[in-house]
Number of protein chains: 2
Amino acid sequence: MKGVSDPSPTEGVRQRNLARLLRLVHLEGPLSRASLTETTGLNRSTIADLVGELGRLGLVEERAPDPSRRVGRPSPVVVADARVVAIAVNPEVDALTIAAVSLDRSIPLRERVDVDRLLSPEETAALIAERVAAWRRGPLADAQIVGVGLAVPGLVRASDGLVRNAPHLRWTDAPVRDLVAEATGLATTVGNDATLGATAEHLFGAAQGLDDVVYLNGGASGIGGGLIVHGMPLLGAGGYTGEFGQNRPGIASPVDRRADGGVLEDEVSRARLLAAVRLRGADDPTLAAALAEAGPDSEAGDEVARQRRILATALANAVNALNPAAVVLGGFLATIAAVDLPGLTALVQGQAMSANAEELEIRVASLAEDRLLIGAAEAAFADLLRDPSA
Amino acid sequence: MKGVSDPSPTEGVRQRNLARLLRLVHLEGPLSRASLTETTGLNRSTIADLVGELGRLGLVEERAPDPSRRVGRPSPVVVADARVVAIAVNPEVDALTIAAVSLDRSIPLRERVDVDRLLSPEETAALIAERVAAWRRGPLADAQIVGVGLAVPGLVRASDGLVRNAPHLRWTDAPVRDLVAEATGLATTVGNDATLGATAEHLFGAAQGLDDVVYLNGGASGIGGGLIVHGMPLLGAGGYTGEFGQNRPGIASPVDRRADGGVLEDEVSRARLLAAVRLRGADDPTLAAALAEAGPDSEAGDEVARQRRILATALANAVNALNPAAVVLGGFLATIAAVDLPGLTALVQGQAMSANAEELEIRVASLAEDRLLIGAAEAAFADLLRDPSA
DNA sequence: GGGATTTGCGGTCAAGCGCAACAAATAACG
DNA sequence: CGTTATTTGTTGCGCTTGACCGCAAATCCC
């Protein structure tokens, strides 16, 4: 037995307090020591001790006090150390985006590596390792890299970061976490892109401060989703939550049906919108402009309305089940939602339980292309934020 | 400032450890002190101290050691004190069921009060108070009643226990929590019946030990559901989660459609099953027997198959979104599922993402009519289990 | 420039838990 | 049947943690 567990019985307390402080300055930005004592309820002397330890660990810095117009001695400002960075990666069909995201939420480095063919998981790992090595020799020479986070468009097993299936990358059962960890020598986390996007919107974007959020993103290849529940990302038993794109919502009018299976992402799709405005391969702003130009009384307008009706049923189903505080829409779903947000909200409320929908807000995602990088970095920071002294 | 917060800095630790121990003996049943040290990782002396405190609080008892055939000094067995009870209540259309549920999971008292008309919230509160008062003078004379838990068939606002709408009780915006608390003088919690049923199945029933569970119950008046997520009940922003009955699942074949709106509980309903076997008002076992007698190649068999197809789509939608470890079905949904559980599982797997469904288990609820009482009692015990020293 | 206010800093103190040594109770063994 | 091994409860002690207190420093208001 001889429990050689904790050297100190109350180390759990200290760990939690350190984590609380680090999380605060990471999520809220620079905070004075005084405000830290106030929000945590800890004693001034305790805050001094804890901040000192975080400083010695190289995780926070103390800056000169802000010229506040309050009476009394000014309080130093505690800020997350910008030299602590995570490597955030988003492999996509046409490019691999890699960035360095600091603990102070700045993004000092970002690079888009265009590729003319699909990269294998091994090639992806090698490319990441090469960029990280180059950055280490240069701009990140004095940085402390805590890990790598990947946002993968596909099903990712939560337990071991195995990519079960990423259809348009053509990755199947690829041990991406282990490959990247070995290639870079860094702790690596792999997550589903939509789940990480939901995390980012929850922490810093349109769903900030809301504990129950449904996030749906419309991409070129389909509809992905992520869930925030109890203020945390919901991974489910295997890690495959939020796959609303494969759901089959009821379609009230038979004339609205286009695809055989009735699968949401076959009925509500970017491709059908592009076809309606006679475009091939445009980005979302271009698509939005074309739809606006066509107007509501055009073929394109009818298609938007049709997709909105089906989307509303799918959202109502989710709202009935999960009673979220907000639904956040990204990608082309944001485009077709923004045409008339109150109208879409009303459509959803008409099909959902009244209590579930009455305080529901449907919002447009707000973090743009940084979303996945922020979410991936957040996943890489997670261990550090849970136990800063490790 | 002068933080008069905690008398001791580490009281949080002690509170958590006390809660861990009490929760263990409550959920797992009698446990020896030795096994407590092993599962918690705490020191023997600490366990002795904590168990002593729980004993002084009247929450646990220590019994003579089990005649174990192991070497070494026998370890006393720690048991939750049976005198600590919660009052569990389930108001329904035709009766009000009220029970005393002990912390050791026994149910020493249970009473079904038949009513020939709908009771108002105020009458319900008065009836509960009357029964509790009578029990206090008799069988519960030496009991420590920690609170009242109600399982209400309707929408319950989590923040204040207001019953927003319980259609077949005809309660609307009824402050049930406050009414019962005032009438009885006891701390009261109010929850949705399906959510509390899910909790019970999660803690003691078919979904024991699973952190991600979707629970659906088919009753006479519709389909209710509850969700377990992160090992906890999911309440959502307002408290109205799990309302799968109002969802609109896709219906593959138009000939399967019976109702106009395509709402699940209009398509999949007990009433339609009863009609198919020409019965009026039968309980679930009778219905199951009638369906079995009719056989699969009858009108009733066709209706069961139709309902199973639609139910499968609704379940697949939930599985895609939530990736639960198990789906638990109760009421008449258990009846139509049990006809061919592997077949229903296959139907769901055919419409869900393969990864989400591959380890999915569809199970039949196992707690029978005790389910709601256990769930309601658990809700009433929640505060005690969170902070035993309060 | 003086008073008020707020903060930082060092020292002291109580609480909580681990640890080690000892005692007790049982099984295994000769 | 007695001895040994094993396991566990008990007791006293020490370490860690964070609150509290008094003093000095820094800033604003007058």
# chains A, B, ... in the order shown; residues from 1 in each chain; ligands from 1

$ select_by_dssp --residues "segment 26-251 of chain B" --states "alpha helix (DSSP H)" --output "number ranges by chain"
B: 26-28, 33-40, 44-56, 121-137, 176-184, 193-204

$ write_last_selection --atoms "C-alpha atoms" --output "PDB file, in the first residue's frame"
ATOM      1  CA  HIS B  26     -24.557   5.252  -1.407  1.00  0.00           C
ATOM      2  CA  LEU B  27     -23.994   4.103  -4.968  1.00  0.00           C
ATOM      3  CA  GLU B  28     -22.004   0.905  -4.448  1.00  0.00           C
ATOM      4  CA  ARG B  33     -12.874   0.593   5.100  1.00  0.00           C
ATOM      5  CA  ALA B  34     -10.058  -1.256   3.376  1.00  0.00           C
ATOM      6  CA  SER B  35     -11.803  -1.075   0.014  1.00  0.00           C
ATOM      7  CA  LEU B  36     -12.485   2.600   0.611  1.00  0.00           C
ATOM      8  CA  THR B  37      -8.797   3.282   1.085  1.00  0.00           C
ATOM      9  CA  GLU B  38      -8.075   1.371  -2.090  1.00  0.00           C
ATOM     10  CA  THR B  39     -10.637   3.037  -4.321  1.00  0.00           C
ATOM     11  CA  THR B  40     -10.095   6.570  -3.047  1.00  0.00           C
ATOM     12  CA  ARG B  44      -5.990   4.594   6.131  1.00  0.00           C
ATOM     13  CA  SER B  45      -5.866   7.172   8.873  1.00  0.00           C
ATOM     14  CA  THR B  46      -7.657   9.700   6.739  1.00  0.00           C
ATOM     15  CA  ILE B  47     -10.389   7.208   5.922  1.00  0.00           C
ATOM     16  CA  ALA B  48     -10.813   6.473   9.606  1.00  0.00           C
ATOM     17  CA  ASP B  49     -11.139  10.168  10.318  1.00  0.00           C
ATOM     18  CA  LEU B  50     -13.588  10.825   7.491  1.00  0.00           C
ATOM     19  CA  VAL B  51     -15.749   7.791   8.224  1.00  0.00           C
ATOM     20  CA  GLY B  52     -15.833   8.883  11.826  1.00  0.00           C
ATOM     21  CA  GLU B  53     -17.098  12.289  10.838  1.00  0.00           C
ATOM     22  CA  LEU B  54     -19.756  10.838   8.528  1.00  0.00           C
ATOM     23  CA  GLY B  55     -20.822   8.605  11.416  1.00  0.00           C
ATOM     24  CA  ARG B  56     -21.094  11.554  13.781  1.00  0.00           C
ATOM     25  CA  PRO B 121     -50.411  21.898  -7.578  1.00  0.00           C
ATOM     26  CA  GLU B 122     -51.646  23.273  -4.260  1.00  0.00           C
ATOM     27  CA  GLU B 123     -53.684  20.142  -3.515  1.00  0.00           C
ATOM     28  CA  THR B 124     -50.709  18.010  -4.469  1.00  0.00           C
ATOM     29  CA  ALA B 125     -48.474  19.906  -2.078  1.00  0.00           C
ATOM     30  CA  ALA B 126     -51.041  19.565   0.692  1.00  0.00           C
ATOM     31  CA  LEU B 127     -51.415  15.836   0.069  1.00  0.00           C
ATOM     32  CA  ILE B 128     -47.653  15.335   0.200  1.00  0.00           C
ATOM     33  CA  ALA B 129     -47.399  17.341   3.400  1.00  0.00           C
ATOM     34  CA  GLU B 130     -50.208  15.298   4.952  1.00  0.00           C
ATOM     35  CA  ARG B 131     -48.561  11.967   4.121  1.00  0.00           C
ATOM     36  CA  VAL B 132     -45.152  13.150   5.315  1.00  0.00           C
ATOM     37  CA  ALA B 133     -46.637  14.364   8.572  1.00  0.00           C
ATOM     38  CA  ALA B 134     -48.359  11.014   9.097  1.00  0.00           C
ATOM     39  CA  TRP B 135     -45.157   9.098   8.348  1.00  0.00           C
ATOM     40  CA  ARG B 136     -43.224  11.314  10.716  1.00  0.00           C
ATOM     41  CA  ARG B 137     -45.538  10.362  13.524  1.00  0.00           C
ATOM     42  CA  VAL B 176     -44.342  23.437  -7.457  1.00  0.00           C
ATOM     43  CA  ARG B 177     -40.971  23.511  -5.739  1.00  0.00           C
ATOM     44  CA  ASP B 178     -41.929  26.432  -3.551  1.00  0.00           C
ATOM     45  CA  LEU B 179     -45.431  25.084  -2.876  1.00  0.00           C
ATOM     46  CA  VAL B 180     -44.152  21.713  -1.676  1.00  0.00           C
ATOM     47  CA  ALA B 181     -41.257  23.243   0.239  1.00  0.00           C
ATOM     48  CA  GLU B 182     -43.629  25.526   2.097  1.00  0.00           C
ATOM     49  CA  ALA B 183     -46.222  22.847   2.796  1.00  0.00           C
ATOM     50  CA  THR B 184     -43.709  20.311   4.095  1.00  0.00           C
ATOM     51  CA  ASP B 193     -39.842  12.531 -15.041  1.00  0.00           C
ATOM     52  CA  ALA B 194     -37.841  11.297 -18.013  1.00  0.00           C
ATOM     53  CA  THR B 195     -34.680  13.103 -16.928  1.00  0.00           C
ATOM     54  CA  LEU B 196     -34.977  11.585 -13.465  1.00  0.00           C
ATOM     55  CA  GLY B 197     -35.699   8.197 -15.001  1.00  0.00           C
ATOM     56  CA  ALA B 198     -32.519   8.531 -17.033  1.00  0.00           C
ATOM     57  CA  THR B 199     -30.602   9.342 -13.869  1.00  0.00           C
ATOM     58  CA  ALA B 200     -31.975   6.251 -12.160  1.00  0.00           C
ATOM     59  CA  GLU B 201     -31.135   3.970 -15.082  1.00  0.00           C
ATOM     60  CA  HIS B 202     -27.681   5.536 -15.219  1.00  0.00           C
ATOM     61  CA  LEU B 203     -26.944   5.035 -11.538  1.00  0.00           C
ATOM     62  CA  PHE B 204     -28.646   1.717 -10.851  1.00  0.00           C
TER      63      PHE B 204
END

$ select_by_dssp --residues "segment 201-256 of chain B" --states "strand (DSSP E)" --output "PyMOL selection string"
chain B and resi 213-219+222-229+232-233

$ interface_residues --of "chain C" --to "chain B" --cutoff "6 Å" --atoms "only C-alpha atoms (C1' of nucleotides)" --output "PDB file with C-alpha atoms (C1' of nucleotides), in the first residue's frame"
ATOM      1  C1'  DA C  15      -6.525  22.664   8.995  1.00  0.00           C
ATOM      2  C1'  DA C  25      -7.142  -9.729  14.473  1.00  0.00           C
ATOM      3  C1'  DT C  26      -7.182 -13.387  11.375  1.00  0.00           C
ATOM      4  C1'  DA C  27      -5.199 -17.205   8.155  1.00  0.00           C
TER       5       DA C  27
END

$ closest_residue --among "C:DG11, C:DG16, C:DG1, C:DG30" --to "DT17 of chain D" --atoms "only C-alpha atoms (C1' of nucleotides)"
C:DG16

$ interface_residues --of "chain D" --to "chain A" --cutoff "7 Å" --atoms "only C-alpha atoms (C1' of nucleotides)" --output "PyMOL selection string"
chain D and resi 16-19+26-28

$ residues_around --residues "segment 213-217 of chain A" --least-positions-apart "2" --cutoff "9 Å" --atoms "only C-alpha atoms (C1' of nucleotides)" --output "ChimeraX atom specification"
/A:194-195,197-198,201-202,207,210-211,219,222-229,231,242,244-245,315,318-319,322-334,365 /B:236-237

$ closest_residue --among "A:Gly375, A:Pro65, A:Gly41, A:Pro175" --to "chain B" --atoms "only C-alpha atoms"
A:Gly41

$ residues_around --residues "segment 92-108 of chain A" --least-positions-apart "6" --cutoff "10 Å" --atoms "only C-alpha atoms (C1' of nucleotides)" --output "ChimeraX atom specification"
/A:22-23,25-30,59-60,79-86,114-119,124,127-128,131-132,135,139-140,143-146,148-153,166,168-170,204,370,372-374,376-378,380-381,385

$ closest_residue --among "A:Asn317, A:Ser159, A:Ser120, A:Ser253" --to "chain B" --atoms "only C-alpha atoms"
A:Asn317
